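Colleague: Contents are compact mmCIF, C-alpha atoms (C1' of nucleotides); file name protein01.txt:
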# COMPACT_ATOMS: atom_id res chain seq x y z
CA MET A 1 16.18 -16.80 22.80
CA PRO A 2 16.77 -14.84 25.99
CA GLU A 3 14.51 -11.92 26.61
CA ASN A 4 16.18 -8.61 26.15
CA THR A 5 14.76 -6.31 28.74
CA LYS A 6 17.71 -4.07 29.34
CA ASP A 7 16.85 -1.61 26.58
CA LYS A 8 13.16 -1.66 27.20
CA GLU A 9 12.40 1.81 28.47
CA ARG A 10 15.33 4.08 27.76
CA PRO A 11 15.27 4.14 23.96
CA PHE A 12 11.56 4.73 24.04
CA SER A 13 11.77 7.84 26.15
CA ARG A 14 11.32 10.20 23.22
CA VAL A 15 8.35 8.24 22.01
CA VAL A 16 6.91 7.98 25.51
CA GLN A 17 7.07 11.75 25.78
CA LYS A 18 5.43 12.22 22.42
CA LEU A 19 2.50 10.07 23.44
CA ARG A 20 2.19 11.69 26.87
CA GLN A 21 2.17 15.11 25.28
CA VAL A 22 -0.97 14.27 23.36
CA GLY A 23 -2.58 12.55 26.30
CA LEU A 24 -2.20 8.94 25.18
CA ARG A 25 -0.99 6.39 27.68
CA PRO A 26 2.25 4.86 26.52
CA THR A 27 1.08 1.28 26.40
CA ARG A 28 3.20 -1.54 25.05
CA GLN A 29 1.24 -1.53 21.79
CA ARG A 30 1.24 2.19 21.23
CA LEU A 31 4.93 2.37 22.00
CA ALA A 32 5.76 -0.30 19.49
CA LEU A 33 3.73 1.44 16.81
CA ALA A 34 4.99 4.89 17.65
CA LYS A 35 8.55 3.70 17.55
CA ILE A 36 8.08 2.34 14.05
CA LEU A 37 6.23 5.44 12.91
CA PHE A 38 8.08 8.29 14.52
CA ASP A 39 11.54 7.04 15.28
CA GLY A 40 13.09 7.46 11.88
CA PRO A 41 12.39 9.09 8.56
CA CYS A 42 8.87 10.02 7.53
CA ARG A 43 6.73 7.19 6.31
CA HIS A 44 3.52 6.40 4.51
CA VAL A 45 1.84 3.37 5.96
CA THR A 46 -1.37 1.43 5.80
CA ALA A 47 -2.75 -0.48 8.74
CA GLU A 48 -1.66 -3.70 7.14
CA ILE A 49 1.91 -2.58 6.52
CA LEU A 50 2.19 -1.49 10.13
CA HIS A 51 0.75 -4.76 11.29
CA ASP A 52 3.33 -6.70 9.28
CA GLU A 53 6.18 -4.56 10.53
CA VAL A 54 5.26 -4.76 14.14
CA SER A 55 4.79 -8.52 13.81
CA GLN A 56 8.21 -8.88 12.26
CA ALA A 57 9.60 -7.20 15.33
CA ASN A 58 8.00 -10.04 17.28
CA ILE A 59 5.52 -7.81 19.00
CA SER A 60 1.90 -8.76 18.77
CA VAL A 61 -0.58 -5.98 18.25
CA SER A 62 -4.02 -6.77 16.93
CA LEU A 63 -5.26 -5.16 13.75
CA ALA A 64 -8.11 -3.58 15.69
CA THR A 65 -5.61 -1.89 17.96
CA ILE A 66 -3.58 -0.75 14.97
CA TYR A 67 -6.63 0.92 13.50
CA ASN A 68 -7.49 2.46 16.83
CA SER A 69 -3.99 3.75 17.31
CA LEU A 70 -3.71 5.16 13.80
CA HIS A 71 -6.87 7.15 14.36
CA GLN A 72 -5.83 8.26 17.81
CA PHE A 73 -2.50 9.43 16.42
CA THR A 74 -4.27 11.18 13.58
CA ASN A 75 -6.70 12.95 15.90
CA ALA A 76 -3.80 13.95 18.07
CA GLY A 77 -2.15 15.55 15.06
CA LEU A 78 0.76 13.12 14.93
CA LEU A 79 -0.33 11.64 11.61
CA ARG A 80 -2.17 12.75 8.53
CA GLU A 81 -4.50 10.68 6.46
CA VAL A 82 -3.98 10.56 2.70
CA VAL A 83 -6.58 9.24 0.30
CA VAL A 84 -5.30 7.92 -3.02
CA ASP A 85 -6.93 4.65 -3.41
CA SER A 86 -10.46 3.86 -2.49
CA GLY A 87 -10.41 0.88 -0.23
CA ARG A 88 -7.08 1.55 1.42
CA THR A 89 -6.15 4.26 3.87
CA TYR A 90 -2.65 5.66 4.00
CA PHE A 91 -1.23 7.52 6.96
CA ASP A 92 1.61 9.96 6.56
CA THR A 93 4.01 10.70 9.38
CA ASN A 94 4.96 13.93 7.66
CA ILE A 95 2.37 16.34 8.98
CA SER A 96 3.77 19.47 7.37
CA ASP A 97 2.07 21.01 4.34
CA HIS A 98 3.15 19.02 1.33
CA TYR A 99 1.92 17.09 -1.65
CA HIS A 100 2.35 13.57 -2.99
CA TYR A 101 3.42 11.43 -5.85
CA PHE A 102 1.51 8.21 -6.14
CA MET A 103 3.63 5.57 -7.83
CA GLU A 104 1.05 3.53 -9.69
CA LYS A 105 3.32 0.58 -10.28
CA GLU A 106 4.44 0.14 -6.70
CA GLY A 107 1.23 1.45 -5.19
CA CYS A 108 3.11 3.70 -2.83
CA LEU A 109 3.28 7.37 -1.94
CA LYS A 110 6.26 9.69 -2.03
CA ASP A 111 6.43 13.24 -0.82
CA ILE A 112 6.88 15.92 -3.43
CA PRO A 113 9.80 18.03 -2.29
CA ARG A 114 8.82 21.38 -0.88
CA GLY A 115 9.01 24.07 -3.49
CA ALA A 116 8.90 21.68 -6.41
CA ILE A 117 5.30 22.57 -6.94
CA ASN A 118 3.62 25.89 -6.55
CA PHE A 119 0.28 27.51 -7.19
CA ASP A 120 0.13 30.55 -9.29
CA MET A 121 -3.42 31.30 -8.33
CA LEU A 122 -6.03 29.74 -6.15
CA PRO A 123 -9.77 30.29 -6.14
CA ASP A 124 -11.26 32.49 -3.43
CA GLU A 125 -12.94 30.84 -0.51
CA PRO A 126 -16.71 31.09 -0.92
CA GLU A 127 -18.66 33.13 1.65
CA GLY A 128 -18.86 31.37 4.96
CA LYS A 129 -16.64 28.50 3.84
CA LYS A 130 -12.98 27.82 4.14
CA PHE A 131 -10.44 25.59 2.49
CA SER A 132 -9.44 23.17 5.19
CA ARG A 133 -6.80 21.57 3.06
CA ILE A 134 -5.53 21.27 -0.46
CA GLU A 135 -4.51 17.84 -1.66
CA VAL A 136 -2.36 17.40 -4.70
CA ILE A 137 -1.54 13.95 -5.94
CA ILE A 138 0.54 13.40 -9.03
CA HIS A 139 0.04 9.92 -10.42
CA VAL A 140 3.31 8.57 -11.77
CA THR A 141 3.45 5.72 -14.27
CA GLU A 142 6.14 4.07 -16.32
CA GLU A 143 6.97 5.97 -19.48
CA SER A 144 5.64 3.24 -21.73
CA GLN A 145 2.20 3.07 -20.19
CA LYS A 146 -0.47 5.57 -20.99
CA MET B 1 -50.00 1.36 -15.40
CA PRO B 2 -49.84 1.10 -19.18
CA GLU B 3 -46.43 0.62 -20.67
CA ASN B 4 -45.14 3.63 -22.44
CA THR B 5 -43.23 2.38 -25.42
CA LYS B 6 -43.78 5.20 -27.82
CA ASP B 7 -40.78 7.23 -26.69
CA LYS B 8 -38.57 4.28 -26.18
CA GLU B 9 -35.94 4.62 -28.86
CA ARG B 10 -36.05 8.08 -30.35
CA PRO B 11 -34.95 10.20 -27.37
CA PHE B 12 -32.16 7.79 -26.67
CA SER B 13 -30.60 8.10 -30.09
CA ARG B 14 -27.78 10.34 -28.93
CA VAL B 15 -27.01 8.03 -26.06
CA VAL B 16 -27.31 4.97 -28.27
CA GLN B 17 -24.73 6.47 -30.58
CA LYS B 18 -22.42 7.31 -27.74
CA LEU B 19 -22.46 3.72 -26.55
CA ARG B 20 -22.04 2.30 -30.03
CA GLN B 21 -19.08 4.57 -30.65
CA VAL B 22 -17.18 2.97 -27.79
CA GLY B 23 -18.26 -0.52 -28.69
CA LEU B 24 -20.80 -1.11 -25.97
CA ARG B 25 -24.13 -2.64 -26.87
CA PRO B 26 -26.97 -0.29 -26.05
CA THR B 27 -28.82 -2.54 -23.67
CA ARG B 28 -31.80 -1.41 -21.67
CA GLN B 29 -29.65 -1.06 -18.54
CA ARG B 30 -26.77 0.79 -20.12
CA LEU B 31 -29.17 3.12 -21.88
CA ALA B 32 -30.93 4.00 -18.67
CA LEU B 33 -27.62 4.70 -16.94
CA ALA B 34 -26.14 6.58 -19.86
CA LYS B 35 -29.22 8.73 -20.12
CA ILE B 36 -28.91 9.75 -16.49
CA LEU B 37 -25.19 10.28 -16.77
CA PHE B 38 -24.70 11.91 -20.12
CA ASP B 39 -27.98 13.53 -21.00
CA GLY B 40 -27.70 16.68 -19.01
CA PRO B 41 -25.13 18.67 -17.09
CA CYS B 42 -21.96 17.04 -15.79
CA ARG B 43 -22.34 14.99 -12.66
CA HIS B 44 -20.42 13.31 -9.91
CA VAL B 45 -22.00 10.05 -8.91
CA THR B 46 -21.36 7.00 -6.82
CA ALA B 47 -22.72 3.58 -7.71
CA GLU B 48 -25.29 3.93 -4.99
CA ILE B 49 -26.53 7.33 -6.13
CA LEU B 50 -26.94 6.01 -9.65
CA HIS B 51 -28.73 2.97 -8.37
CA ASP B 52 -31.19 5.14 -6.46
CA GLU B 53 -31.78 7.42 -9.40
CA VAL B 54 -32.36 4.68 -11.88
CA SER B 55 -34.70 2.97 -9.44
CA GLN B 56 -36.67 6.16 -8.98
CA ALA B 57 -37.19 6.19 -12.71
CA ASN B 58 -38.79 2.79 -12.24
CA ILE B 59 -36.11 0.98 -14.12
CA SER B 60 -34.50 -1.93 -12.42
CA VAL B 61 -30.76 -2.29 -12.84
CA SER B 62 -28.83 -4.41 -10.39
CA LEU B 63 -25.99 -2.92 -8.42
CA ALA B 64 -23.60 -5.40 -10.00
CA THR B 65 -24.55 -4.11 -13.42
CA ILE B 66 -24.15 -0.54 -12.25
CA TYR B 67 -20.61 -1.26 -11.13
CA ASN B 68 -19.89 -3.08 -14.35
CA SER B 69 -21.27 -0.25 -16.42
CA LEU B 70 -19.43 2.44 -14.50
CA HIS B 71 -16.16 0.66 -15.11
CA GLN B 72 -16.97 -0.01 -18.74
CA PHE B 73 -17.80 3.66 -19.24
CA THR B 74 -14.62 4.64 -17.46
CA ASN B 75 -12.47 2.33 -19.56
CA ALA B 76 -14.15 3.67 -22.65
CA GLY B 77 -13.18 7.18 -21.60
CA LEU B 78 -16.73 8.35 -21.00
CA LEU B 79 -16.20 8.76 -17.27
CA ARG B 80 -13.38 9.57 -14.94
CA GLU B 81 -12.85 8.13 -11.50
CA VAL B 82 -12.21 10.51 -8.62
CA VAL B 83 -10.90 9.37 -5.27
CA VAL B 84 -11.68 11.57 -2.30
CA ASP B 85 -12.95 9.25 0.26
CA SER B 86 -11.58 5.85 0.99
CA GLY B 87 -14.43 3.44 0.78
CA ARG B 88 -16.50 5.25 -1.81
CA THR B 89 -15.77 5.72 -5.48
CA TYR B 90 -16.98 8.79 -7.35
CA PHE B 91 -17.34 8.96 -11.09
CA ASP B 92 -17.22 12.25 -12.92
CA THR B 93 -18.96 12.77 -16.24
CA ASN B 94 -16.72 15.72 -16.93
CA ILE B 95 -13.72 14.10 -18.53
CA SER B 96 -11.84 17.28 -19.37
CA ASP B 97 -8.80 18.33 -17.34
CA HIS B 98 -10.05 19.93 -14.19
CA TYR B 99 -9.87 19.86 -10.43
CA HIS B 100 -12.33 19.47 -7.57
CA TYR B 101 -13.76 20.93 -4.45
CA PHE B 102 -14.85 18.37 -1.92
CA MET B 103 -17.61 19.77 0.23
CA GLU B 104 -16.99 18.07 3.55
CA LYS B 105 -20.38 18.82 4.99
CA GLU B 106 -22.42 17.53 2.08
CA GLY B 107 -19.90 14.88 1.09
CA CYS B 108 -20.07 15.89 -2.54
CA LEU B 109 -17.74 17.04 -5.28
CA LYS B 110 -17.87 20.23 -7.32
CA ASP B 111 -15.72 21.14 -10.26
CA ILE B 112 -13.29 23.98 -9.78
CA PRO B 113 -13.89 26.36 -12.67
CA ARG B 114 -11.22 26.22 -15.33
CA GLY B 115 -8.61 28.88 -14.80
CA ALA B 116 -9.47 29.41 -11.16
CA ILE B 117 -6.42 27.45 -10.20
CA ASN B 118 -3.06 27.34 -11.83
CA PHE B 119 0.35 25.89 -11.26
CA ASP B 120 3.29 28.17 -11.21
CA MET B 121 5.73 25.34 -11.36
CA LEU B 122 5.60 21.60 -11.50
CA PRO B 123 8.29 19.09 -10.75
CA ASP B 124 10.05 17.41 -13.67
CA GLU B 125 9.04 13.91 -14.59
CA PRO B 126 11.68 11.49 -13.33
CA GLU B 127 13.66 9.50 -15.92
CA GLY B 128 11.55 6.83 -17.53
CA LYS B 129 8.40 7.89 -15.71
CA LYS B 130 5.56 10.12 -16.59
CA PHE B 131 2.82 11.97 -14.80
CA SER B 132 -0.34 10.25 -15.90
CA ARG B 133 -2.54 12.69 -14.10
CA ILE B 134 -2.54 15.42 -11.51
CA GLU B 135 -5.35 15.43 -9.00
CA VAL B 136 -6.13 18.50 -6.98
CA ILE B 137 -8.81 18.37 -4.35
CA ILE B 138 -9.63 21.36 -2.20
CA HIS B 139 -11.47 20.32 0.93
CA VAL B 140 -14.09 22.91 1.80
CA THR B 141 -15.55 23.20 5.29
CA GLU B 142 -17.85 25.63 7.04
CA GLU B 143 -16.09 28.74 8.25
CA SER B 144 -16.57 27.88 11.90
CA GLN B 145 -15.03 24.42 11.73
CA LYS B 146 -11.33 23.90 11.75
C1' DG C 1 -8.93 0.42 42.66
C1' DT C 2 -10.50 2.94 38.73
C1' DG C 3 -10.66 4.27 34.34
C1' DT C 4 -8.20 3.15 30.03
C1' DT C 5 -6.83 0.09 26.61
C1' DT C 6 -6.65 -4.24 24.26
C1' DG C 7 -8.04 -8.19 21.38
C1' DC C 8 -11.17 -11.13 19.70
C1' DA C 9 -14.82 -12.23 16.91
C1' DA C 10 -18.69 -10.49 14.78
C1' DA C 11 -20.75 -7.06 12.02
C1' DG C 12 -20.44 -3.53 8.47
C1' DT C 13 -19.44 -1.18 4.08
C1' DG C 14 -18.53 -0.79 -0.57
C1' DT C 15 -17.10 -3.58 -4.33
C1' DT C 16 -16.15 -7.77 -7.19
C1' DT C 17 -16.97 -12.38 -8.98
C1' DG C 18 -18.96 -16.89 -10.77
C1' DC C 19 -22.37 -18.55 -13.24
C1' DA C 20 -26.98 -19.66 -15.09
C1' DA C 21 -30.53 -17.24 -17.44
C1' DT C 22 -31.52 -13.64 -20.64
C1' DT C 23 -30.86 -10.51 -24.31
C1' DT C 24 -28.70 -8.50 -28.49
C1' DA C 25 -27.18 -8.49 -33.15
C1' DT D 1 -27.56 -18.95 -32.95
C1' DA D 2 -23.46 -17.16 -31.06
C1' DA D 3 -21.62 -13.93 -28.26
C1' DA D 4 -22.44 -10.36 -24.97
C1' DT D 5 -24.83 -8.90 -20.96
C1' DT D 6 -27.44 -9.25 -16.77
C1' DG D 7 -28.63 -10.33 -11.90
C1' DC D 8 -28.29 -12.93 -8.09
C1' DA D 9 -25.93 -14.51 -4.23
C1' DA D 10 -21.73 -15.47 -2.44
C1' DA D 11 -17.16 -13.88 -1.75
C1' DC D 12 -14.06 -10.02 -0.87
C1' DA D 13 -10.99 -6.50 1.25
C1' DC D 14 -10.74 -3.21 4.48
C1' DT D 15 -12.50 -1.15 8.54
C1' DT D 16 -15.35 -0.61 12.75
C1' DT D 17 -17.71 -2.19 16.90
C1' DG D 18 -19.14 -4.52 21.37
C1' DC D 19 -17.55 -6.30 25.18
C1' DA D 20 -14.91 -9.01 28.60
C1' DA D 21 -10.25 -9.45 30.10
C1' DA D 22 -5.87 -7.11 30.88
C1' DC D 23 -3.36 -3.10 31.94
C1' DA D 24 -1.61 1.70 33.47
C1' DC D 25 -1.50 4.91 36.88
Can you give me the file's structure in the form of structure tokens?
Modeller:
Amino acid sequence: MPENTKDKERPFSRVVQKLRQVGLRPTRQRLALAKILFDGPCRHVTAEILHDEVSQANISVSLATIYNSLHQFTNAGLLREVVVDSGRTYFDTNISDHYHYFMEKEGCLKDIPRGAINFDMLPDEPEGKKFSRIEVIIHVTEESQK
Amino acid sequence: MPENTKDKERPFSRVVQKLRQVGLRPTRQRLALAKILFDGPCRHVTAEILHDEVSQANISVSLATIYNSLHQFTNAGLLREVVVDSGRTYFDTNISDHYHYFMEKEGCLKDIPRGAINFDMLPDEPEGKKFSRIEVIIHVTEESQK
DNA sequence: GTGTTTGCAAAGTGTTTGCAATTTA
DNA sequence: TAAATTGCAAACACTTTGCAAACAC
């Protein structure tokens, strides 16, 4: 099992930049996570899923670091937190305004395509308050279930 | 501290009925909880809030029983679970179709008045699936905060 | 070198569970 | 009395924290 170091830095350059832009040092751990998260289609992950995936890639990143990184990425605006399930935190790599399906059976999130859902009217913001975000989650079950 | 037993059953009759209707024995604990929950305006509670309130009324109900009861009430259709915050479960005594404000500062839920929010269009249910419920949560912050 | 980041293990939070004792019908 | 319910304490799942060692610049 010879170590493959040849493609160690080059393919990460985009990810390295992304981290640098938000002021996070591109450490081995953060690079591995960022590559999984941002180098491909948008994803919805939990800390545990990420931990499994990074492990499968034979990179060891502790759970504590995964949690730290997820929050750092979120604070930096690279991720968005989605709450569907008390006791489990999902992070969405799609940071644009959009809503979610929650597939009850699989326990996973899917983006609702832009334009597939629309508000006719919204309440007014109360005096001195503002709506910081509007979450819509459509729970999807199998036809047979109630 | 003389025990006050005179008004022990009568004022509970509505609540007793409610429990009986869904097949739950009106025990001392369930009655105390049901009275707090259903005898008055609609509420949003967590297990802890309920525990505090019932304790303040000098009735002792263990947290385990509170959790049990909240789930029993929910399964019986007397309550509805609302997820806003990972790590804390809210129960809503308003079981009609409606949506929520989440007041970030206070960490509490408020119902959005019926008709204040409306969908213009909704996605179609995929083949063999159905939308079991649609959750809308508007996060409300102070004007100054972002 | 200096300040940042990591990883472990321990602590924390909210919730669930097993089971003996108690209560309800 | 039989079956349901309760409460405790222990177990749980997920997340956060403190701190010494390792790392990035």
Colleague: Hey, what's within 12 Å of DC19 in chain D if we count all atoms listed in the file and toss same-chain stuff fewer than 3 positions away? As an MDAnalysis selection string, please?
Modeller: chainID C and resid 6:10
Colleague: Could I get chain B fitted onto chain A (least squares, all C-alpha atoms, in order) as an mmCIF file with C-alpha atoms, keeping the file's coordinate frame?
Modeller:
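Heads up, here's the output in result.cif:
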data_model
loop_
_atom_site.group_PDB
_atom_site.id
_atom_site.type_symbol
_atom_site.label_atom_id
_atom_site.label_comp_id
_atom_site.auth_asym_id
_atom_site.auth_seq_id
_atom_site.Cartn_x
_atom_site.Cartn_y
_atom_site.Cartn_z
ATOM 1 C CA MET B 1 14.952 -17.073 23.603
ATOM 2 C CA PRO B 2 15.738 -15.001 26.680
ATOM 3 C CA GLU B 3 13.682 -11.900 27.166
ATOM 4 C CA ASN B 4 15.567 -8.750 26.550
ATOM 5 C CA THR B 5 14.312 -6.248 29.051
ATOM 6 C CA LYS B 6 17.388 -4.173 29.549
ATOM 7 C CA ASP B 7 16.667 -1.764 26.708
ATOM 8 C CA LYS B 8 12.996 -1.651 27.307
ATOM 9 C CA GLU B 9 12.362 1.869 28.499
ATOM 10 C CA ARG B 10 15.369 4.032 27.806
ATOM 11 C CA PRO B 11 15.375 4.084 23.988
ATOM 12 C CA PHE B 12 11.680 4.740 23.979
ATOM 13 C CA SER B 13 11.903 7.871 26.069
ATOM 14 C CA ARG B 14 11.439 10.220 23.139
ATOM 15 C CA VAL B 15 8.462 8.260 21.929
ATOM 16 C CA VAL B 16 7.054 7.983 25.433
ATOM 17 C CA GLN B 17 7.189 11.744 25.711
ATOM 18 C CA LYS B 18 5.548 12.225 22.367
ATOM 19 C CA LEU B 19 2.624 10.063 23.409
ATOM 20 C CA ARG B 20 2.320 11.681 26.814
ATOM 21 C CA GLN B 21 2.296 15.116 25.231
ATOM 22 C CA VAL B 22 -0.868 14.279 23.324
ATOM 23 C CA GLY B 23 -2.474 12.540 26.249
ATOM 24 C CA LEU B 24 -2.089 8.960 25.138
ATOM 25 C CA ARG B 25 -0.864 6.392 27.616
ATOM 26 C CA PRO B 26 2.387 4.845 26.473
ATOM 27 C CA THR B 27 1.230 1.268 26.348
ATOM 28 C CA ARG B 28 3.346 -1.529 24.984
ATOM 29 C CA GLN B 29 1.366 -1.525 21.724
ATOM 30 C CA ARG B 30 1.360 2.201 21.151
ATOM 31 C CA LEU B 31 5.054 2.375 21.930
ATOM 32 C CA ALA B 32 5.881 -0.296 19.409
ATOM 33 C CA LEU B 33 3.829 1.462 16.737
ATOM 34 C CA ALA B 34 5.101 4.911 17.595
ATOM 35 C CA LYS B 35 8.663 3.697 17.480
ATOM 36 C CA ILE B 36 8.178 2.363 13.973
ATOM 37 C CA LEU B 37 6.317 5.447 12.865
ATOM 38 C CA PHE B 38 8.149 8.306 14.474
ATOM 39 C CA ASP B 39 11.627 7.064 15.195
ATOM 40 C CA GLY B 40 13.176 7.484 11.820
ATOM 41 C CA PRO B 41 12.469 9.132 8.498
ATOM 42 C CA CYS B 42 8.933 10.060 7.483
ATOM 43 C CA ARG B 43 6.790 7.228 6.246
ATOM 44 C CA HIS B 44 3.587 6.432 4.464
ATOM 45 C CA VAL B 45 1.920 3.387 5.905
ATOM 46 C CA THR B 46 -1.291 1.453 5.752
ATOM 47 C CA ALA B 47 -2.674 -0.466 8.709
ATOM 48 C CA GLU B 48 -1.587 -3.680 7.090
ATOM 49 C CA ILE B 49 1.984 -2.556 6.470
ATOM 50 C CA LEU B 50 2.282 -1.479 10.083
ATOM 51 C CA HIS B 51 0.827 -4.739 11.241
ATOM 52 C CA ASP B 52 3.399 -6.678 9.232
ATOM 53 C CA GLU B 53 6.261 -4.561 10.464
ATOM 54 C CA VAL B 54 5.338 -4.763 14.083
ATOM 55 C CA SER B 55 4.863 -8.507 13.751
ATOM 56 C CA GLN B 56 8.283 -8.876 12.189
ATOM 57 C CA ALA B 57 9.690 -7.207 15.257
ATOM 58 C CA ASN B 58 8.085 -10.035 17.198
ATOM 59 C CA ILE B 59 5.629 -7.803 18.925
ATOM 60 C CA SER B 60 2.024 -8.760 18.732
ATOM 61 C CA VAL B 61 -0.456 -5.953 18.216
ATOM 62 C CA SER B 62 -3.900 -6.760 16.909
ATOM 63 C CA LEU B 63 -5.153 -5.149 13.746
ATOM 64 C CA ALA B 64 -8.000 -3.569 15.685
ATOM 65 C CA THR B 65 -5.496 -1.862 17.938
ATOM 66 C CA ILE B 66 -3.483 -0.734 14.946
ATOM 67 C CA TYR B 67 -6.538 0.938 13.470
ATOM 68 C CA ASN B 68 -7.395 2.468 16.805
ATOM 69 C CA SER B 69 -3.887 3.761 17.270
ATOM 70 C CA LEU B 70 -3.628 5.166 13.768
ATOM 71 C CA HIS B 71 -6.792 7.147 14.312
ATOM 72 C CA GLN B 72 -5.740 8.261 17.767
ATOM 73 C CA PHE B 73 -2.411 9.446 16.380
ATOM 74 C CA THR B 74 -4.193 11.197 13.551
ATOM 75 C CA ASN B 75 -6.619 12.956 15.873
ATOM 76 C CA ALA B 76 -3.716 13.971 18.043
ATOM 77 C CA GLY B 77 -2.069 15.556 15.019
ATOM 78 C CA LEU B 78 0.830 13.124 14.896
ATOM 79 C CA LEU B 79 -0.265 11.644 11.583
ATOM 80 C CA ARG B 80 -2.101 12.763 8.515
ATOM 81 C CA GLU B 81 -4.458 10.677 6.445
ATOM 82 C CA VAL B 82 -3.947 10.556 2.691
ATOM 83 C CA VAL B 83 -6.548 9.211 0.311
ATOM 84 C CA VAL B 84 -5.306 7.931 -3.019
ATOM 85 C CA ASP B 85 -6.927 4.649 -3.410
ATOM 86 C CA SER B 86 -10.462 3.844 -2.503
ATOM 87 C CA GLY B 87 -10.373 0.885 -0.220
ATOM 88 C CA ARG B 88 -7.026 1.538 1.406
ATOM 89 C CA THR B 89 -6.097 4.267 3.838
ATOM 90 C CA TYR B 90 -2.577 5.674 3.965
ATOM 91 C CA PHE B 91 -1.165 7.523 6.920
ATOM 92 C CA ASP B 92 1.672 9.969 6.525
ATOM 93 C CA THR B 93 4.082 10.728 9.342
ATOM 94 C CA ASN B 94 5.023 13.956 7.643
ATOM 95 C CA ILE B 95 2.425 16.347 8.955
ATOM 96 C CA SER B 96 3.800 19.490 7.348
ATOM 97 C CA ASP B 97 2.086 21.032 4.323
ATOM 98 C CA HIS B 98 3.134 19.063 1.312
ATOM 99 C CA TYR B 99 1.901 17.113 -1.663
ATOM 100 C CA HIS B 100 2.342 13.598 -3.017
ATOM 101 C CA TYR B 101 3.410 11.456 -5.878
ATOM 102 C CA PHE B 102 1.510 8.223 -6.164
ATOM 103 C CA MET B 103 3.642 5.616 -7.856
ATOM 104 C CA GLU B 104 1.074 3.554 -9.713
ATOM 105 C CA LYS B 105 3.329 0.607 -10.313
ATOM 106 C CA GLU B 106 4.494 0.175 -6.743
ATOM 107 C CA GLY B 107 1.274 1.457 -5.212
ATOM 108 C CA CYS B 108 3.147 3.731 -2.858
ATOM 109 C CA LEU B 109 3.306 7.400 -1.979
ATOM 110 C CA LYS B 110 6.286 9.737 -2.085
ATOM 111 C CA ASP B 111 6.440 13.285 -0.867
ATOM 112 C CA ILE B 112 6.849 15.968 -3.481
ATOM 113 C CA PRO B 113 9.776 18.092 -2.341
ATOM 114 C CA ARG B 114 8.762 21.432 -0.913
ATOM 115 C CA GLY B 115 8.913 24.144 -3.518
ATOM 116 C CA ALA B 116 8.801 21.750 -6.438
ATOM 117 C CA ILE B 117 5.196 22.639 -6.971
ATOM 118 C CA ASN B 118 3.480 25.933 -6.564
ATOM 119 C CA PHE B 119 0.132 27.508 -7.169
ATOM 120 C CA ASP B 120 -0.062 30.566 -9.280
ATOM 121 C CA MET B 121 -3.602 31.257 -8.291
ATOM 122 C CA LEU B 122 -6.200 29.693 -6.093
ATOM 123 C CA PRO B 123 -9.919 30.207 -6.058
ATOM 124 C CA ASP B 124 -11.410 32.389 -3.326
ATOM 125 C CA GLU B 125 -13.061 30.709 -0.400
ATOM 126 C CA PRO B 126 -16.828 30.945 -0.802
ATOM 127 C CA GLU B 127 -18.776 32.980 1.778
ATOM 128 C CA GLY B 128 -18.940 31.217 5.100
ATOM 129 C CA LYS B 129 -16.718 28.366 3.964
ATOM 130 C CA LYS B 130 -13.071 27.697 4.227
ATOM 131 C CA PHE B 131 -10.523 25.488 2.566
ATOM 132 C CA SER B 132 -9.485 23.074 5.259
ATOM 133 C CA ARG B 133 -6.848 21.496 3.116
ATOM 134 C CA ILE B 134 -5.601 21.211 -0.423
ATOM 135 C CA GLU B 135 -4.551 17.797 -1.622
ATOM 136 C CA VAL B 136 -2.406 17.395 -4.681
ATOM 137 C CA ILE B 137 -1.574 13.952 -5.934
ATOM 138 C CA ILE B 138 0.500 13.417 -9.040
ATOM 139 C CA HIS B 139 0.004 9.937 -10.423
ATOM 140 C CA VAL B 140 3.277 8.623 -11.798
ATOM 141 C CA THR B 141 3.408 5.774 -14.300
ATOM 142 C CA GLU B 142 6.114 4.147 -16.370
ATOM 143 C CA GLU B 143 6.930 6.054 -19.521
ATOM 144 C CA SER B 144 5.567 3.357 -21.792
ATOM 145 C CA GLN B 145 2.138 3.143 -20.191
ATOM 146 C CA LYS B 146 -0.559 5.614 -20.954
#
Colleague: Go through B:Asn118, B:Thr46, B:Ser69, B:Ser132 one by one, measure the shortest atom-to-atom distance of each to chain D using all atoms listed in the file, and give the residue with the smallest value.
Modeller: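 Using all atoms listed in the file, the shortest distance to chain D belongs to B:Ser69.
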Colleague: Taking 3 positions as the minimum chain separation for residues in the same chain, which residues sit within 10 Å of Asn94 in chain A when counting only C-alpha atoms (C1' of nucleotides)? Answer as a PDB file with C-alpha atoms, in the frame of the given file.
Modeller:
ATOM      1  CA  PHE A  38       8.080   8.290  14.520  1.00  0.00           C
ATOM      2  CA  PRO A  41      12.390   9.090   8.560  1.00  0.00           C
ATOM      3  CA  CYS A  42       8.870  10.020   7.530  1.00  0.00           C
ATOM      4  CA  ARG A  43       6.730   7.190   6.310  1.00  0.00           C
ATOM      5  CA  HIS A  44       3.520   6.400   4.510  1.00  0.00           C
ATOM      6  CA  LEU A  78       0.760  13.120  14.930  1.00  0.00           C
ATOM      7  CA  LEU A  79      -0.330  11.640  11.610  1.00  0.00           C
ATOM      8  CA  ARG A  80      -2.170  12.750   8.530  1.00  0.00           C
ATOM      9  CA  PHE A  91      -1.230   7.520   6.960  1.00  0.00           C
ATOM     10  CA  ASP A  97       2.070  21.010   4.340  1.00  0.00           C
ATOM     11  CA  HIS A  98       3.150  19.020   1.330  1.00  0.00           C
ATOM     12  CA  ASP A 111       6.430  13.240  -0.820  1.00  0.00           C
TER      13      ASP A 111
END
Colleague: Restrict the distance test to all atoms listed in the file, flag each residue of chain D within 12 Å of chain B, and return the flagged residues as a compact mmCIF listing (two decimals) with C-alpha atoms (C1' of nucleotides), in the coordinates of the input.
Modeller:
# COMPACT_ATOMS: atom_id res chain seq x y z
C1' DA D 3 -21.62 -13.93 -28.26
C1' DA D 4 -22.44 -10.36 -24.97
C1' DT D 5 -24.83 -8.90 -20.96
C1' DT D 6 -27.44 -9.25 -16.77
C1' DG D 7 -28.63 -10.33 -11.90
C1' DC D 8 -28.29 -12.93 -8.09
C1' DA D 9 -25.93 -14.51 -4.23
C1' DA D 13 -10.99 -6.50 1.25
C1' DC D 14 -10.74 -3.21 4.48
C1' DT D 15 -12.50 -1.15 8.54
